[in-house]
Every structure is written in structure tokens, then in C-alpha cells.
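One file, my_file.cif, is given below (mmCIF, C-alpha atoms and all ligand atoms).
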```cif
data_model
loop_
_atom_site.label_atom_id
_atom_site.label_comp_id
_atom_site.auth_asym_id
_atom_site.auth_seq_id
_atom_site.Cartn_x
_atom_site.Cartn_y
_atom_site.Cartn_z
CA MET A 1 73.23 63.26 68.80
CA LYS A 2 76.95 62.62 68.55
CA PRO A 3 79.48 65.16 69.90
CA ARG A 4 80.92 67.16 67.02
CA ARG A 5 84.55 67.78 66.27
CA LEU A 6 84.07 71.53 66.67
CA ILE A 7 85.28 71.15 70.26
CA ALA A 8 88.79 71.60 68.92
CA TYR A 9 88.03 75.35 68.71
CA PRO A 10 89.02 77.72 71.50
CA ALA A 11 86.19 77.91 74.01
CA HIS A 12 84.80 81.33 73.13
CA THR A 13 84.84 80.53 69.40
CA LEU A 14 83.01 77.32 70.21
CA ARG A 15 80.33 79.18 72.10
CA SER A 16 79.67 81.45 69.12
CA PHE A 17 79.32 78.50 66.80
CA LEU A 18 77.44 76.18 69.11
CA CYS A 19 73.89 77.19 68.20
CA LEU A 20 74.68 77.03 64.51
CA THR A 21 76.32 73.62 64.93
CA LEU A 22 73.40 72.14 66.81
CA LEU A 23 71.02 73.37 64.15
CA TRP A 24 73.20 72.03 61.38
CA SER A 25 73.41 68.59 62.97
CA PHE A 26 69.65 68.13 62.64
CA PHE A 27 70.00 68.23 58.88
CA THR A 28 73.20 66.47 58.08
CA THR A 29 75.72 63.83 59.02
CA ASN A 30 79.31 64.06 57.88
CA ASP A 31 82.71 62.36 58.13
CA ALA A 32 83.39 64.04 61.45
CA SER A 33 80.49 62.28 63.17
CA ALA A 34 81.53 58.92 61.67
CA GLN A 35 85.04 59.51 62.99
CA SER A 36 83.72 60.37 66.43
CA ASP A 37 82.65 56.70 66.81
CA GLN A 38 86.29 55.58 66.62
CA VAL A 39 87.35 53.79 69.80
CA THR A 40 91.04 53.66 70.66
CA VAL A 41 92.57 51.92 73.66
CA ILE A 42 96.05 52.98 74.76
CA LYS A 43 97.97 50.70 77.11
CA ALA A 44 101.03 52.12 78.88
CA ASP A 45 103.53 51.05 81.51
CA LYS A 46 103.18 54.34 83.29
CA VAL A 47 100.81 57.30 83.06
CA ILE A 48 101.59 60.75 84.44
CA ILE A 49 98.17 62.25 85.06
CA GLY A 50 99.29 65.90 85.00
CA ASP A 51 98.15 66.78 88.53
CA GLY A 52 101.28 65.48 90.25
CA THR A 53 100.16 61.83 90.43
CA THR A 54 100.98 58.71 88.38
CA MET A 55 99.36 55.37 87.56
CA ASN A 56 101.28 52.19 86.65
CA SER A 57 100.16 49.65 84.00
CA ALA A 58 97.22 51.79 82.97
CA SER A 59 94.90 51.98 79.97
CA LEU A 60 92.94 54.80 78.44
CA VAL A 61 89.83 54.40 76.32
CA ILE A 62 89.39 57.20 73.79
CA ILE A 63 86.06 57.68 72.03
CA GLY A 64 86.08 60.31 69.31
CA ASP A 65 87.95 63.32 70.62
CA ARG A 66 87.50 62.62 74.35
CA ILE A 67 88.98 60.38 77.00
CA SER A 68 86.18 58.02 77.97
CA LYS A 69 87.94 55.97 80.67
CA ILE A 70 91.28 55.72 82.41
CA GLY A 71 92.33 53.11 84.97
CA PRO A 72 94.54 50.11 85.73
CA SER A 73 94.77 47.90 82.59
CA THR A 74 93.35 44.92 84.51
CA SER A 75 90.13 46.81 85.16
CA ILE A 76 89.57 48.19 81.64
CA GLU A 77 87.56 46.04 79.25
CA ILE A 78 88.59 46.46 75.61
CA PRO A 79 85.53 47.30 73.51
CA THR A 80 85.00 45.21 70.35
CA GLY A 81 86.48 46.78 67.26
CA ALA A 82 88.74 49.12 69.26
CA ASN A 83 92.08 50.17 67.84
CA VAL A 84 94.50 48.96 70.53
CA ILE A 85 97.82 50.80 70.83
CA ASP A 86 100.41 49.10 72.96
CA LEU A 87 102.82 51.62 74.50
CA SER A 88 104.73 49.19 76.73
CA ASN A 89 108.04 50.63 77.97
CA HIS A 90 106.56 54.09 77.51
CA THR A 91 105.16 56.78 79.74
CA VAL A 92 101.96 58.45 78.63
CA LEU A 93 101.26 62.01 79.74
CA PRO A 94 98.93 64.86 78.82
CA GLY A 95 99.80 66.80 75.68
CA LEU A 96 102.36 69.45 76.65
CA MET A 97 101.36 73.12 76.74
CA ASP A 98 103.70 76.01 75.93
CA MET A 99 102.32 79.29 77.31
CA HIS A 100 104.63 81.63 75.43
CA THR A 101 105.35 81.09 71.75
CA HIS A 102 105.89 83.25 68.70
CA ILE A 103 104.74 80.58 66.30
CA ASN A 104 104.85 82.88 63.26
CA SER A 105 108.52 83.79 63.58
CA SER A 106 111.27 82.64 61.26
CA ASP A 107 114.57 81.04 62.26
CA HIS A 108 116.51 84.02 60.93
CA ASP A 109 114.24 86.70 62.35
CA GLY A 110 116.91 89.28 63.14
CA GLY A 111 115.27 90.49 66.37
CA ASP A 112 113.37 93.75 66.09
CA MET A 113 114.80 94.38 62.61
CA SER A 114 112.59 91.66 61.15
CA VAL A 115 109.77 94.15 60.55
CA LEU A 116 111.93 95.93 57.98
CA ARG A 117 112.09 92.84 55.78
CA GLU A 118 109.07 90.67 56.46
CA HIS A 119 105.34 90.99 57.14
CA GLY A 120 102.31 88.96 58.10
CA ALA A 121 102.28 86.82 54.97
CA HIS A 122 105.77 85.55 55.79
CA GLY A 123 104.60 84.96 59.34
CA ALA A 124 101.60 82.98 58.17
CA ILE A 125 103.79 80.63 56.15
CA TYR A 126 106.44 80.24 58.87
CA GLY A 127 103.55 79.51 61.21
CA VAL A 128 102.40 76.50 59.17
CA VAL A 129 105.89 75.00 59.31
CA ASN A 130 106.43 75.83 63.01
CA ALA A 131 102.98 74.59 64.06
CA GLU A 132 103.68 71.14 62.68
CA LYS A 133 107.14 71.02 64.32
CA THR A 134 105.57 72.06 67.63
CA LEU A 135 102.83 69.42 67.48
CA GLN A 136 105.33 66.71 66.48
CA ALA A 137 107.37 67.68 69.56
CA GLY A 138 104.38 66.80 71.76
CA PHE A 139 102.98 70.30 72.35
CA THR A 140 99.25 70.00 71.73
CA THR A 141 98.36 73.46 73.07
CA ILE A 142 100.18 76.78 72.78
CA ARG A 143 99.48 80.31 73.91
CA ASN A 144 100.90 82.70 71.34
CA ALA A 145 102.32 85.95 72.68
CA GLY A 146 102.22 88.14 69.60
CA ALA A 147 102.51 88.05 65.82
CA LEU A 148 102.27 90.50 62.92
CA HIS A 149 99.10 91.20 60.93
CA TYR A 150 96.92 88.60 62.66
CA ALA A 151 98.96 85.69 61.28
CA ASP A 152 98.40 83.79 64.54
CA VAL A 153 94.63 84.31 64.41
CA ALA A 154 94.49 82.82 60.91
CA LEU A 155 96.76 79.93 61.86
CA ARG A 156 94.66 79.15 64.95
CA ASP A 157 91.49 79.03 62.89
CA LEU A 158 92.92 76.90 60.08
CA ILE A 159 94.38 74.41 62.57
CA ALA A 160 91.00 74.22 64.31
CA GLN A 161 89.35 73.53 60.97
CA GLY A 162 91.82 70.73 60.22
CA ILE A 163 93.30 72.54 57.19
CA VAL A 164 96.85 72.39 58.59
CA PRO A 165 98.24 70.28 61.46
CA GLY A 166 99.26 72.05 64.63
CA PRO A 167 98.57 72.54 68.31
CA ARG A 168 95.41 74.13 69.72
CA MET A 169 96.22 77.82 69.70
CA TYR A 170 95.23 80.69 71.95
CA VAL A 171 96.50 83.94 70.52
CA ALA A 172 97.31 87.53 71.49
CA ALA A 173 97.31 88.74 67.86
CA ALA A 174 99.69 91.61 68.74
CA SER A 175 101.37 92.95 71.84
CA LEU A 176 100.56 96.43 73.12
CA GLY A 177 103.53 98.65 73.94
CA ILE A 178 104.48 102.30 74.48
CA THR A 179 106.11 104.66 72.00
CA GLY A 180 109.84 103.98 72.23
CA GLY A 181 109.31 100.74 74.16
CA HIS A 182 109.80 97.03 73.59
CA SER A 183 107.07 96.77 70.93
CA ASP A 184 108.49 99.73 69.02
CA VAL A 185 111.54 99.82 66.75
CA ASN A 186 113.95 102.44 68.07
CA GLY A 187 117.26 104.05 67.22
CA TRP A 188 116.42 105.27 63.72
CA SER A 189 115.89 108.70 62.21
CA PRO A 190 112.53 110.33 63.09
CA LEU A 191 112.07 110.79 59.34
CA ILE A 192 111.64 107.03 58.83
CA ASP A 193 108.25 105.57 59.66
CA ILE A 194 109.01 102.07 60.93
CA PRO A 195 106.16 99.80 62.08
CA GLY A 196 106.41 98.32 65.57
CA THR A 197 106.96 94.66 66.40
CA GLY A 198 103.59 94.98 68.15
CA MET A 199 100.91 97.71 68.35
CA VAL A 200 102.41 100.95 69.64
CA VAL A 201 99.64 102.54 71.72
CA ASP A 202 99.76 105.23 74.43
CA GLY A 203 97.13 106.53 76.82
CA PRO A 204 94.20 104.80 78.55
CA ASP A 205 91.57 105.67 75.93
CA ASN A 206 93.67 104.54 72.99
CA LEU A 207 94.52 101.37 74.88
CA ARG A 208 90.84 100.64 75.47
CA MET A 209 90.22 101.00 71.76
CA ALA A 210 93.23 98.77 70.98
CA VAL A 211 91.91 96.03 73.28
CA ARG A 212 88.51 96.21 71.59
CA THR A 213 90.17 96.08 68.16
CA LEU A 214 92.32 93.06 69.04
CA VAL A 215 89.30 91.21 70.41
CA LYS A 216 87.25 92.18 67.37
CA PHE A 217 89.81 90.57 65.10
CA GLY A 218 90.24 87.40 67.12
CA ALA A 219 92.54 87.81 70.15
CA ASP A 220 91.96 85.20 72.88
CA HIS A 221 94.03 87.20 75.40
CA ILE A 222 95.71 90.59 75.52
CA LYS A 223 99.49 90.90 75.74
CA ILE A 224 100.92 94.05 77.20
CA VAL A 225 104.53 95.13 77.50
CA ALA A 226 105.15 96.37 81.04
CA THR A 227 108.95 96.81 80.95
CA GLY A 228 111.80 97.04 78.50
CA GLY A 229 112.93 93.91 76.68
CA ILE A 230 115.91 92.06 75.29
CA LEU A 231 115.12 92.27 71.56
CA SER A 232 114.55 96.02 71.48
CA SER A 233 116.95 98.90 71.19
CA GLY A 234 117.01 101.96 73.45
CA ASP A 235 114.93 100.64 76.35
CA ALA A 236 116.25 99.22 79.63
CA VAL A 237 114.89 95.85 80.79
CA ASP A 238 114.33 97.12 84.33
CA HIS A 239 112.36 100.28 83.38
CA PRO A 240 108.55 100.18 83.65
CA GLN A 241 106.85 101.15 80.37
CA TYR A 242 103.15 101.76 81.05
CA SER A 243 101.67 103.95 83.78
CA ASP A 244 99.43 102.38 86.43
CA GLU A 245 96.46 104.12 84.84
CA GLU A 246 97.23 102.64 81.43
CA LEU A 247 97.72 99.15 82.85
CA ARG A 248 94.41 99.36 84.71
CA ALA A 249 92.60 100.51 81.56
CA VAL A 250 93.87 97.48 79.62
CA VAL A 251 92.96 94.97 82.32
CA GLU A 252 89.54 96.52 82.90
CA GLU A 253 88.68 96.59 79.20
CA ALA A 254 89.97 93.06 78.57
CA ASP A 255 88.10 91.77 81.60
CA ARG A 256 84.88 93.32 80.36
CA LEU A 257 85.34 91.38 77.12
CA GLY A 258 86.18 88.12 78.92
CA ARG A 259 89.90 88.16 78.12
CA LYS A 260 92.88 87.70 80.42
CA VAL A 261 95.90 89.99 80.19
CA ILE A 262 99.44 88.69 80.03
CA ALA A 263 102.31 91.07 80.74
CA HIS A 264 105.86 91.01 79.48
CA ALA A 265 107.99 92.14 82.45
CA HIS A 266 111.64 91.72 83.41
CA GLY A 267 112.20 94.50 85.98
CA ALA A 268 110.59 94.37 89.43
CA GLU A 269 108.76 97.75 89.35
CA GLY A 270 106.97 97.14 86.03
CA LEU A 271 106.20 93.59 87.10
CA LYS A 272 104.55 94.73 90.34
CA ALA A 273 102.58 97.47 88.58
CA ALA A 274 101.20 94.88 86.13
CA VAL A 275 100.34 92.43 88.91
CA ARG A 276 98.61 95.18 90.91
CA ALA A 277 96.58 96.05 87.81
CA GLY A 278 95.37 92.44 87.72
CA VAL A 279 97.21 90.61 84.92
CA ALA A 280 96.91 86.82 84.82
CA SER A 281 100.57 86.16 84.10
CA ILE A 282 103.98 87.76 84.02
CA GLU A 283 106.02 86.72 81.03
CA HIS A 284 109.73 86.29 81.95
CA GLY A 285 109.68 87.77 85.49
CA SER A 286 113.48 87.83 85.50
CA LEU A 287 114.17 90.41 88.21
CA ILE A 288 111.25 89.78 90.58
CA ASP A 289 111.89 91.03 94.15
CA ASP A 290 110.46 89.98 97.54
CA GLU A 291 107.53 92.37 97.33
CA GLY A 292 106.77 91.04 93.84
CA ILE A 293 106.83 87.47 95.14
CA GLU A 294 104.33 88.30 97.89
CA LEU A 295 102.10 90.24 95.52
CA MET A 296 102.01 87.45 92.94
CA LYS A 297 101.19 84.85 95.59
CA GLU A 298 98.43 87.05 96.96
CA LYS A 299 96.91 87.60 93.51
CA GLY A 300 97.46 84.03 92.27
CA ALA A 301 99.25 85.37 89.17
CA PHE A 302 101.56 83.07 87.22
CA ILE A 303 105.13 83.50 85.99
CA VAL A 304 105.86 82.08 82.55
CA PRO A 305 109.64 81.94 82.90
CA THR A 306 110.94 81.48 79.30
CA LEU A 307 114.45 80.55 80.44
CA LEU A 308 115.91 78.78 77.42
CA ILE A 309 115.52 81.72 75.05
CA LEU A 310 118.31 83.73 76.70
CA ASP A 311 120.84 80.94 76.10
CA GLU A 312 119.52 80.71 72.54
CA ILE A 313 120.02 84.43 71.91
CA ILE A 314 123.51 84.28 73.39
CA GLU A 315 124.46 81.15 71.43
CA PHE A 316 122.65 81.62 68.10
CA GLY A 317 121.93 85.37 68.13
CA GLU A 318 124.66 86.32 65.72
CA GLU A 319 123.71 83.73 63.10
CA ARG A 320 120.02 84.71 63.49
CA GLY A 321 120.99 88.30 62.65
CA ILE A 322 120.09 89.56 66.12
CA PRO A 323 121.76 92.94 66.75
CA ASP A 324 124.63 93.12 69.23
CA TYR A 325 122.68 95.36 71.69
CA SER A 326 120.20 92.51 72.20
CA ILE A 327 122.90 89.88 72.65
CA GLN A 328 124.56 92.12 75.27
CA LYS A 329 121.24 92.54 77.13
CA ALA A 330 120.78 88.75 77.12
CA ILE A 331 124.26 88.18 78.55
CA GLU A 332 123.63 90.69 81.37
CA MET A 333 120.19 89.30 82.18
CA SER A 334 121.38 85.73 82.25
CA GLY A 335 123.77 86.58 85.12
CA LEU A 336 121.06 88.38 87.13
CA ARG A 337 117.87 86.38 86.97
CA GLU A 338 118.71 83.02 88.54
CA THR A 339 118.57 83.97 92.24
CA ALA A 340 115.36 86.00 91.85
CA MET A 341 113.48 83.41 89.84
CA ARG A 342 114.59 80.44 91.92
CA LYS A 343 113.38 82.24 95.03
CA ALA A 344 110.00 82.96 93.42
CA TYR A 345 109.63 79.29 92.43
CA GLN A 346 110.70 77.96 95.82
CA GLU A 347 108.48 80.40 97.73
CA GLY A 348 105.38 79.23 95.92
CA VAL A 349 104.64 81.70 93.12
CA ARG A 350 102.58 79.83 90.49
CA PHE A 351 104.58 78.95 87.39
CA ALA A 352 103.40 77.80 83.96
CA PHE A 353 105.72 76.42 81.30
CA GLY A 354 106.66 78.74 78.43
CA THR A 355 109.62 79.03 76.10
CA ASP A 356 109.28 82.25 74.06
CA ALA A 357 109.71 79.85 71.11
CA SER A 358 111.00 81.87 68.20
CA GLY A 359 114.00 81.59 65.92
CA ASN A 360 115.02 77.96 65.65
CA LEU A 361 113.41 76.95 68.97
CA HIS A 362 110.17 75.69 67.38
CA GLY A 363 110.01 71.94 67.91
CA ARG A 364 112.72 72.10 70.58
CA ASN A 365 110.34 73.52 73.21
CA ALA A 366 110.90 70.55 75.57
CA GLN A 367 114.53 71.57 76.10
CA GLU A 368 113.13 74.19 78.49
CA PHE A 369 112.32 71.46 81.06
CA LYS A 370 115.96 70.73 81.86
CA VAL A 371 116.78 74.44 82.15
CA MET A 372 113.80 74.91 84.51
CA ILE A 373 114.99 72.09 86.74
CA GLU A 374 118.53 73.47 86.85
CA THR A 375 117.66 77.16 87.22
CA LEU A 376 114.63 76.99 89.50
CA GLY A 377 115.56 73.95 91.59
CA ALA A 378 112.38 72.20 90.41
CA THR A 379 111.66 68.46 90.26
CA PRO A 380 110.72 66.64 87.02
CA MET A 381 107.17 66.13 88.33
CA GLN A 382 106.81 69.85 89.13
CA VAL A 383 107.92 71.01 85.67
CA ILE A 384 105.61 68.48 83.97
CA LYS A 385 102.75 69.85 86.06
CA ASN A 386 103.78 73.40 85.05
CA ALA A 387 103.42 72.32 81.39
CA THR A 388 100.09 70.50 81.83
CA SER A 389 97.54 71.24 84.57
CA ASP A 390 99.12 74.53 85.69
CA ALA A 391 99.21 75.81 82.10
CA ALA A 392 95.60 74.69 81.56
CA GLU A 393 94.59 76.53 84.71
CA LEU A 394 96.29 79.71 83.50
CA LEU A 395 94.44 79.42 80.19
CA GLY A 396 91.17 78.78 82.00
CA ILE A 397 90.61 75.39 80.30
CA LEU A 398 91.51 72.95 83.07
CA ASP A 399 88.01 71.49 82.83
CA GLN A 400 88.82 70.37 79.25
CA VAL A 401 92.51 69.52 79.18
CA GLY A 402 95.74 69.49 81.23
CA THR A 403 95.17 66.18 83.04
CA LEU A 404 94.31 62.71 81.79
CA GLU A 405 90.79 62.26 83.10
CA ALA A 406 87.55 60.87 81.70
CA GLY A 407 85.56 63.53 79.86
CA LYS A 408 88.53 65.69 78.84
CA TRP A 409 89.92 66.19 75.33
CA ALA A 410 92.09 63.28 74.25
CA ASP A 411 95.33 65.29 74.03
CA LEU A 412 98.16 62.99 75.06
CA ILE A 413 101.69 62.01 74.24
CA ALA A 414 104.09 59.16 75.01
CA VAL A 415 107.84 59.01 75.49
CA PRO A 416 110.07 55.94 75.79
CA GLY A 417 111.14 55.24 79.40
CA ASN A 418 110.34 57.39 82.41
CA PRO A 419 110.74 61.19 82.19
CA LEU A 420 110.64 61.39 86.00
CA ASP A 421 114.08 59.73 85.93
CA ASP A 422 115.37 61.63 82.89
CA ILE A 423 113.50 64.80 81.92
CA THR A 424 115.27 64.99 78.53
CA LEU A 425 113.14 62.01 77.42
CA LEU A 426 110.43 64.64 76.82
CA GLU A 427 112.61 65.79 73.91
CA LYS A 428 112.03 62.33 72.32
CA VAL A 429 108.26 62.19 71.99
CA SER A 430 107.23 59.07 70.04
CA PHE A 431 103.45 59.36 70.12
CA VAL A 432 101.17 62.38 69.79
CA MET A 433 97.38 62.41 69.91
CA LYS A 434 95.35 65.61 69.73
CA ALA A 435 91.57 65.51 70.10
CA GLY A 436 91.65 61.73 69.59
CA GLU A 437 93.55 62.00 66.33
CA ILE A 438 97.00 60.40 66.09
CA HIS A 439 99.57 62.83 64.69
CA LYS A 440 102.70 60.80 65.43
CA HIS A 441 103.37 57.14 66.25
CA LYS A 442 106.96 56.00 66.06
CA ASP A 443 107.83 52.48 67.14
CA ASN A 444 110.53 53.15 69.70
ZN ZN Q 1 107.85 86.72 73.74
#
```

Rendering of file as C-alpha cells:
Amino acid sequence: MKPRRLIAYPAHTLRSFLCLTLLWSFFTTNDASAQSDQVTVIKADKVIIGDGTTMNSASLVIIGDRISKIGPSTSIEIPTGANVIDLSNHTVLPGLMDMHTHINSSDHDGGDMSVLREHGAHGAIYGVVNAEKTLQAGFTTIRNAGALHYADVALRDLIAQGIVPGPRMYVAAASLGITGGHSDVNGWSPLIDIPGTGMVVDGPDNLRMAVRTLVKFGADHIKIVATGGILSSGDAVDHPQYSDEELRAVVEEADRLGRKVIAHAHGAEGLKAAVRAGVASIEHGSLIDDEGIELMKEKGAFIVPTLLILDEIIEFGEERGIPDYSIQKAIEMSGLRETAMRKAYQEGVRFAFGTDASGNLHGRNAQEFKVMIETLGATPMQVIKNATSDAAELLGILDQVGTLEAGKWADLIAVPGNPLDDITLLEKVSFVMKAGEIHKHKDN
């Protein structure tokens, strides 16, 4: 029996469908199984494996949606009938992974005011456009950190079914936040009922029900808002927003349902409370202190730093319709976070690449690499690892993706030249393969 293309689904979705798929394959053959025979050989000057190592003059044999072999070109025999792709003068690396996107956002989203004008149907359509831009930029996997009306769930499923092109998606569906917090829309008359930018939920019991609801409707992970944020009015970025009891309820309930929790946190107190409760990652982590650094190392929690977005808000905020209070918060934060985050990186807190891609950042995700190197004092190899094997580890799918190894999904990209010498080459991706399928192949 041939492997089926259903492996492009997120793991838990795959498990649910597996029995059905096996049964179905006894009765039918289809185009997908014919396609899975396709053999492709990719020859490259240099391969970055994704685990911190490289291989020169290497070849990869791809069969169907998996990497079948990888090794020095001299040792790889080219199977008859294989489609040979010569990527001389290029570096091949694993498909990049962005752990914090808002793929359903528009480029004129207006910050937290967007909910007054647009809803999930807009988000679904923006998502189709943004997903293609993101994939063309070499990002073959994304972790979405919140959308409206399950637009990210639908997009994930339709990409997995091959209806629209885009990266593999793992989605939060909606963020959970307190009344008056970062997921709420504040500063208006109490007589106006304005929906939140996420789900506004208070109290442990309600939070447990919210986690169950999000999972019921397709969330792969749970996003919680642990401190104030930049794009919200009336809350301070360094104030914690959920109580310890509420945070524990979310993590416990998510864990029971096999989901990790990711926590938006800028300020140190909210960050530490979330880490103590057992979240898998801190999104932003801007004002982490020494105790936070120790705690995160002890728990093995990741920071997803999302550095570029602040510059974006400062530079393009006005034209995106972002209110002045948010632009002011971004300016203040940008002066404060560098020392704290560099220290966390240098002292060994785990980091995974993430951009907070929203506005006009979709498709420009790779610009984050340069900012990471400059802000965190990282090397090109470290930031590539943060966007490949480290990200895959955070998602819990390192056994399937994140490094170029035999048996893993054939998610890979190529850039001209060597990104270890010039990281901005990752902004010029010329070849993209996801699950063995070529989505981009530009000759130089
Ligand atoms: Zn975000």
C-alpha cells in the first residue's frame, strides 16, 4: 500500500482520519497515489540540515511527499525516470517555520479597531492571499496565533486538502483574554457592545469551557493573553492579566485535550505566572527579567520573539490606521526590550522564530532574521535553527519536519548563495517544495 497524501494534515487531524483512509485505500486508487510515485532528485552546492550542521555538494532523493535519501552527491545514485533539479550555486534548507502569524489579517487592519469594520469572512479571504505569499516566501509551516470566527481553522483545512496553496498551518482559532484586556476592545461607551479581537473570558470554569469549545471547533493549540499588549487601548504592557488560578485552569484543560498553550506576555510578572502555569511558549517576552530567564530554562519553555513587528508598527502604523496609543506603546517598548531579550537569548532560553505577521508583513517574514541577529546577538546558523528544528520541536513535530533527514516530509527551500554569509538571502527564496510538491522554482 502506498503512503497517502493525507500526511499533509496536522497530526491530530491525521490520526482521526487514519482508520477511514486505510479502509478507503482498499477500495480505490486515485491521482494522489499515482503522484506519490514521483521521484525527484535535488542537487545543491550546500545543504543546511536544520540542526546546526551543513553538508556540501549534497543530493536529496524525494519520493512522493517524503525525503527518501540525503547524502553527498557522489554517493547518491539517480533513480531512472527521476526528475532531476540542479540547484548549483544555491543553498538548500528545510522549509522555514513561523511560530507566530495572524494569517487572516489585512494590510490595513487598523489595530484593535478592525473588529468594527470586518469579520471572519474578510479574514478568510485575506488568509487565502496571505497564505500564498507566505508559502512563496519559503515558509512551509506556520503557527497561527489567533483569528476571528475560525477563519484560520477553515484555511488550514482547505490548504491541507489542496484547495488553496499555503503553508501547513497549526491554529489557535482565537486568543483567550480578560475583560478589559488585550483581547478586548476598550475605551468606548459601556452602552456599545463591541466584540473582542479574541474571546473575552474570565474565571477558571468559563476558561475551561472556552478551551473545550476552541478544541471542539478545531484549535491545534490554545493562545492565552497573560499581559497587556501593544494593539489594545487602556491596558499596560507590563500588567499581568490572568490570575494564577485562571492560567492553571487553561493549561490543565488544554493538556487534558492534548493541546499546548502559548501565552502572549510582555511584562515580567505575567510572563513568569504563565511559565509557572506550564505554557509551552511565551509570545514576545519583551521585558523578561533574571528570574524569568531561570524559570524558562528550568521549564524548557520557548520565547517566540516577534521583533520586526514593533518597527513595522512604528514605521507603517499610521498608514495601516493603527491608533496613536498603539504606536506610542510600540515606541516605548522598542527602547526597553533589547537588553532583556538579548540576555535571555545569550543565557540559553530556548527561542523559536516568529514574526507576528500581520498588516503588510505577510511574505516578508524572513526580514525577521536580520533583526534577530542584530537584537539578540545571534549567529545566522542559530536563527536558521530557531526557524527550523527549534520551531518543529516547539510544535511537537520534529519527528516529521524541521531538519532534512530521510523519512521526514519533503518541505524544503533554496536560496541563491550562502545565507550563513548573508542572512538577507533568505528574503530571496527561489525554490519552494512542500510535501514533495514544487510551489516555486525560479532560475536564479
Ligand atoms: Zn500576535

Write out as a PyMOL selection string each polymer residue whose atoms come within 9 Å of region 248-263 of chain A, counting all atoms listed in the file; drop sequence neighbours fewer than 4 positions from it.
chain A and resi 145+172+203-205+207-212+215+219-227+243-244+271+274-284+395

Can I get the selected residues back with C-alpha atoms, as a compact mmCIF listing (two decimals), in the frame of the given file?
```txt
# COMPACT_ATOMS: atom_id res chain seq x y z
CA ALA A 145 102.32 85.95 72.68
CA ALA A 172 97.31 87.53 71.49
CA GLY A 203 97.13 106.53 76.82
CA PRO A 204 94.20 104.80 78.55
CA ASP A 205 91.57 105.67 75.93
CA LEU A 207 94.52 101.37 74.88
CA ARG A 208 90.84 100.64 75.47
CA MET A 209 90.22 101.00 71.76
CA ALA A 210 93.23 98.77 70.98
CA VAL A 211 91.91 96.03 73.28
CA ARG A 212 88.51 96.21 71.59
CA VAL A 215 89.30 91.21 70.41
CA ALA A 219 92.54 87.81 70.15
CA ASP A 220 91.96 85.20 72.88
CA HIS A 221 94.03 87.20 75.40
CA ILE A 222 95.71 90.59 75.52
CA LYS A 223 99.49 90.90 75.74
CA ILE A 224 100.92 94.05 77.20
CA VAL A 225 104.53 95.13 77.50
CA ALA A 226 105.15 96.37 81.04
CA THR A 227 108.95 96.81 80.95
CA SER A 243 101.67 103.95 83.78
CA ASP A 244 99.43 102.38 86.43
CA LEU A 271 106.20 93.59 87.10
CA ALA A 274 101.20 94.88 86.13
CA VAL A 275 100.34 92.43 88.91
CA ARG A 276 98.61 95.18 90.91
CA ALA A 277 96.58 96.05 87.81
CA GLY A 278 95.37 92.44 87.72
CA VAL A 279 97.21 90.61 84.92
CA ALA A 280 96.91 86.82 84.82
CA SER A 281 100.57 86.16 84.10
CA ILE A 282 103.98 87.76 84.02
CA GLU A 283 106.02 86.72 81.03
CA HIS A 284 109.73 86.29 81.95
CA LEU A 395 94.44 79.42 80.19
```

Would you write out, as CSV, a table of all residues in region 184-247 of chain A that have an atom no more than 12 Å from an atom of region 328-338 of chain A, listing for each the closest atom pair and the distance in Å to one decimal, considering all atoms listed in the file and ordering rows by chain and rising residue number?
```
residue,atom,partner,partner_atom,distance
A:Gly228,CA,A:Lys329,CA,10.5
A:Gly229,CA,A:Lys329,CA,8.4
A:Ile230,CA,A:Lys329,CA,5.7
A:Leu231,CA,A:Lys329,CA,8.3
A:Ser232,CA,A:Lys329,CA,9.4
A:Ser233,CA,A:Lys329,CA,9.7
A:Gly234,CA,A:Lys329,CA,11.0
A:Asp235,CA,A:Lys329,CA,10.3
A:Ala236,CA,A:Lys329,CA,8.7
A:Val237,CA,A:Lys329,CA,8.0
A:Asp238,CA,A:Met333,CA,10.0
```

Store the residues picked out above, limited to C-alpha atoms, as a PDB file, in the coordinates of the input.
```
ATOM      1  CA  GLY A 228     111.800  97.040  78.500  1.00  0.00           C
ATOM      2  CA  GLY A 229     112.930  93.910  76.680  1.00  0.00           C
ATOM      3  CA  ILE A 230     115.910  92.060  75.290  1.00  0.00           C
ATOM      4  CA  LEU A 231     115.120  92.270  71.560  1.00  0.00           C
ATOM      5  CA  SER A 232     114.550  96.020  71.480  1.00  0.00           C
ATOM      6  CA  SER A 233     116.950  98.900  71.190  1.00  0.00           C
ATOM      7  CA  GLY A 234     117.010 101.960  73.450  1.00  0.00           C
ATOM      8  CA  ASP A 235     114.930 100.640  76.350  1.00  0.00           C
ATOM      9  CA  ALA A 236     116.250  99.220  79.630  1.00  0.00           C
ATOM     10  CA  VAL A 237     114.890  95.850  80.790  1.00  0.00           C
ATOM     11  CA  ASP A 238     114.330  97.120  84.330  1.00  0.00           C
TER      12      ASP A 238
END
```

- Item | Close residues, Ala174 (chain A) itself excluded, 8 Å, all atoms listed in the file, min 6 positions apart in chain, as a list in words |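 Residues near the query, excluding close chain neighbours: Ala145, Gly146, Ala147, Leu148, His149, Tyr150, Gly198, Met199, Leu214, Ile222 and Lys223 of chain A.
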
For chain A against ligand ZN 1 (chain Q), with a cut-off of 7 Å and counting all atoms listed in the file, what is the closest atom pair and its distance in Å to one decimal for every residue that makes the cut, ordered by chain and number, as a tab-separated table?
```
residue	atom	partner	partner_atom	distance
A:His100	CA	Q:ZN1	ZN	6.3
A:Thr101	CA	Q:ZN1	ZN	6.5
A:His102	CA	Q:ZN1	ZN	6.4
A:Ala145	CA	Q:ZN1	ZN	5.7
A:Asp356	CA	Q:ZN1	ZN	4.7
```

Worksheet item: What does the distance from CA of Asn89 (chain A) to CA of Lys428 (chain A) come to in Å, to one decimal?
Response: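 Between CA of Asn89 (chain A) and CA of Lys428 (chain A) the gap is 13.6 Å.
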